[in-house]
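Chemist: One structure coming up, written as structure tokens, with questions to follow.
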Amino acid sequence: MSRGRRRLAVILAAIVVLLFAGRWTAILLADRWWAAGVSPPAVALLTEWHILHGVLRLTGVAIAGAWFIGHLLVVYRAVGSVQVRRNVANLEFREALTPMSLLAVAVCAGALLGLLVGKGAGSHVSQVALAWQGVSYGAVEPLLQRDIGLYVAQVPLWRAVQQFCFLLAILGLGLVFGLYLLVGAIRWLDGRPAINTHARIHLGWLLAALALTIMWGNLLEPYLLVAGFDGIPDLARWRATTLVAYLLAGVAVATALLSAAWAVRARHALAAAGWILLPLASLIGHSMVPAAVGGDGEPVVDRSILQQFERQAYGLESLAESPRLGTTRATPPAVPALWSEPAARRFLAADSVDVVSVDPAMISVAGRRRPVWLGARALAGGRLIVTALADDRTGPGGEAVFYRQQDSVPRAMVVPLLDLGTRAYHAETPAYRIGSDDSPGVALDSWPRRFLLAWALQAPELLGPVEPDARVDWALSPARRLELLAPFVAWGEPVARLVDGEVLWMVDGYVPAEAFPLAPRVEWNGRQVAGLRAALLGTVSAQNGTARVYLRPGSDALASSWAAVAKGVIEPATAMPEEVWRAAPYPIELFRVQARRIEAATPRLGGTLGGRSGAEAAQPPKVDMVWTGDTGGPVLTVAYERPGERRLAALLTGIHDQESDGLRLARFDSATALPSRSALESRWDRYPTYDALGDSIRDDGGRMERGPVRFDLSPDGLVAYQPHYAGPASGRVALVWLTVATSERQGAGRNLTEAWSNLLGASVPTVAGQAQSTRLDDARRLLIRADSALRVADWEAFGRAWSALRRAVGLPHDSTAR
């Protein structure tokens, strides 16, 4: 390579390094400036986090690059000359590469491989930070007698480092072997393999390094087994691992020594014997020994201990089980949930606007707490409007009613509760926003700062003409804002709440455990975790973007360790205002995971989530919502059904109260339990009036829509109810039918009062807008419909009307069977 080419290569490499370093520096400074205005304690955290991420990434690339470059240089020394083909006109000839060309190729190839393999080291920044801080639960697991925190904090990092070293060893060995094979240092000679001395020495030491990484993995195996990376082991596997792990480590050390001896002296048989024995011993130790020692399928410890660790891993300590319920409930739901999220979204989207969020919440109206669907929508021009759809009441015709801030009586039209203007913070905001001097953000007061911010935010607009006092703010969505403040937290979906007249976005902060001793693993957000807790609560003001992060009451040792890492950013639970905690929801993603773990860990439950089976069982369970009778807030519910009997087995509720989050599991006696959702809907569909109502709505150009089947639990028992909506062609939705059921009775009507009256046998269900009818009125109407269908030969409509008529007069489906 000529001197000019070498100089050009050096210049290009320097430019690449400067671009990466400059981009990293720009992001670091931009985040520091941003944090100084949003949360000053976060400045130090973000600085340390960026530096640690950069150091880890640089270290990974440097180690991997040095490893590959070093081995390629060793191979380069063994190459006398390499020839390449060249074509000039119609002539082909071979040209020998100069040593400098080979050296440049070796260095560049090694650096590229190092970049590809080592750049992922930066993704382990959370593992390194947590391992450095340490976690102490003050409790030990029963197998190795180590603190739980060792498996949560240190073991995942040990595993990651060992896997990285093993990857380097195996890739280096494969690369070097292939190159020696390519240049002829390893070849087939006289019917047997041959290798020259240089290649043998090089490969021998590489094999020794590979054997040592395998030895490291064998020593870690008992810890990895307890940590649950492959699930909870049975007794046979644990006995086999404790018996053979150190023996296999000894075999790996012996193999490393034999490989090193082969590198020094050509003892091919010894090296081959070591590498034949090592995989054979591993195969016997992991496949045959467990069957020989016994205990296959038996729990490694007592089941009560396994249950205790699972409860601690998934926050199930608050689970309270009630005795089997079988009494007949005599009272309707005190606070019914009449609307669903899809129906509420249809109201807000009727004006062709972007619906940002729709969440169940409590608001104060004339000094009383009212259940509503709190919706946020972005109008044209970026204005954010907040509306409150009353969930426990409707208008006279079943239409939805909305609250206004100054009114105590809701109105039957979509009216705004609050208008937050165009500077609000929500999920539909742009990536960044330029404002004036009185706006939050970073001042654009100098060209160097504007250049760095434009580079960090990829915002060329900042380099154009701006006002002299302009400021730029970014991370405007609540989740992204909290992610910058606490990058080690997995943040959930923002939920809108009205607290002291201010709209707050509340976001649950999850801290999953990559490993947890003797706890089962679950799939969550596309990855496997061994523990999950909603340990943090983040709030972001929709008006000014102020963000705060709190520890939730009852957080575990893992959350406390993260709070120590982010000291000043994560505030203690005692610093959380009472109004904020009262408005916080139960973490829905945690509730889904807990419901699945309860289903799997409680065989005596006798039911599945919603009667699901097969592929559906792997999906997150469907969560419904009801209201507490004392207007305390929304309650999450999941029903367990007995698939063979089509009846409820149990009901799990997630309740957020003033002290903590709680789980309640109510079991139902099989003889008096409510039917399953599908069975209830099938029974409710038999009402003749239901068919008449559906036909009437379809005749008007609309359609009948089912709402969710909800289960309301009280000390008296359980009641199920389901709202039905009419969706006319105009796009508006109205509540036109509501069905209820207890363990012994069922009823239907235009609203909850009529439905409950029908359940008690005091009335007959009517179609909305009609007077109270009798069975004779229903029969007359259905007979007219059947006659009309017969005249036009519409046999399908005739069959429906005739079947409804038979039910209306009390005849069975097959009268000949009487």
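Ordered as shown in the structure tokens, chains take letters A, B, and onward, while each chain numbers its residues from 1 and ligands are numbered from 1 in the order shown.
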Residues within 10 Å of A:Tyr690, please, as a CSV table (one decimal) with C-alpha atoms, in the first residue's frame. Count only C-alpha atoms; anything in the same chain fewer than 5 positions from it doesn't count.

Modeler:
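Below is the file that was written, around.csv:
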```csv
chain,number,residue,atom,x,y,z
A,684,TRP,CA,-79.5,-13.7,27.3
A,685,ASP,CA,-80.0,-14.0,23.5
A,695,ASP,CA,-84.4,-6.0,14.1
A,696,SER,CA,-85.7,-2.6,14.9
A,704,MET,CA,-76.5,-3.9,17.6
A,724,HIS,CA,-75.7,-3.6,24.5
A,737,TRP,CA,-80.3,-3.0,26.4
A,738,LEU,CA,-78.8,-4.3,29.6
A,739,THR,CA,-78.8,-7.9,30.8
A,748,ALA,CA,-83.0,-7.7,30.9
A,749,GLY,CA,-84.2,-4.2,30.4
A,765,PRO,CA,-88.3,-6.3,29.4
A,766,THR,CA,-89.3,-3.7,26.9
A,767,VAL,CA,-87.7,-2.2,23.8
A,804,ALA,CA,-89.1,-15.9,19.0
```

Chemist: Write out as a VMD selection string the residues lying within 6 Å of stretch 263-273 of chain A, counting only C-alpha atoms and excluding same-chain residues fewer than 5 positions away.

Modeler: chain A and resid 200 to 201 204 258

Chemist: At what distance in Å, to one decimal, does atom CA of A:Arg667 lie from atom CA of A:Glu317?

Modeler: 18.2 Å

Chemist: Residues near A:Arg552, anyone? I mean within 12 Å using only C-alpha atoms, not counting same-chain ones fewer than 4 positions away, as an MDAnalysis selection string.

Modeler: chainID A and resid 507:511 533:538 556 559:560 563 570:577 580:582 584:587 656 658:661

Chemist: Taking the DSSP assignment computed from this structure's backbone, write out as a PyMOL selection string all residues of stretch 192-380 of chain A that belong to strand (DSSP E).

Modeler: chain A and resi 192-195+319-325+354-365+368-378

Chemist: Please return as number ranges by chain: the residues of stretch 523-686 of chain A that backbone DSSP assigns to alpha helix (DSSP H).

Modeler: A: 557-565, 578-583, 588-601, 677-684

Chemist: Which residue gives the smallest distance to A:Ala320 among A:Leu115, A:Leu665, A:Val155, A:Val55, with only C-alpha atoms counted?

Modeler: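 Closest to A:Ala320 of all the choices is A:Leu665.
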
Chemist: Using only C-alpha atoms, which of the listed residues (A:Ile27, A:Val593, A:Val401, A:Ala292) sits closest to A:Pro621?

Modeler: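 When distances to A:Pro621 are compared using only C-alpha atoms, the smallest one comes from A:Val593.
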
Chemist: Excluding A:Ala679 and residues on its chain fewer than 6 positions from it, collect all residues at most 12 Å away from it, counting only C-alpha atoms, and give them as an MDAnalysis selection string.

Modeler: chainID A and resid 610:611 641:648 685:686 709 720 741

Chemist: What is the atom CA of A:Gly654-atom CA of A:Gly531 distance in Å, reported with one decimal?

Modeler: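 According to the coordinates, atom CA of A:Gly654 and atom CA of A:Gly531 are separated by 18.3 Å.
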
Chemist: Between atom CA of A:Gly65 and atom CA of A:Ile214, what is the distance in Å, rounded to a tenth?

Modeler: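 Here the two named atoms are 21.8 Å from each other.
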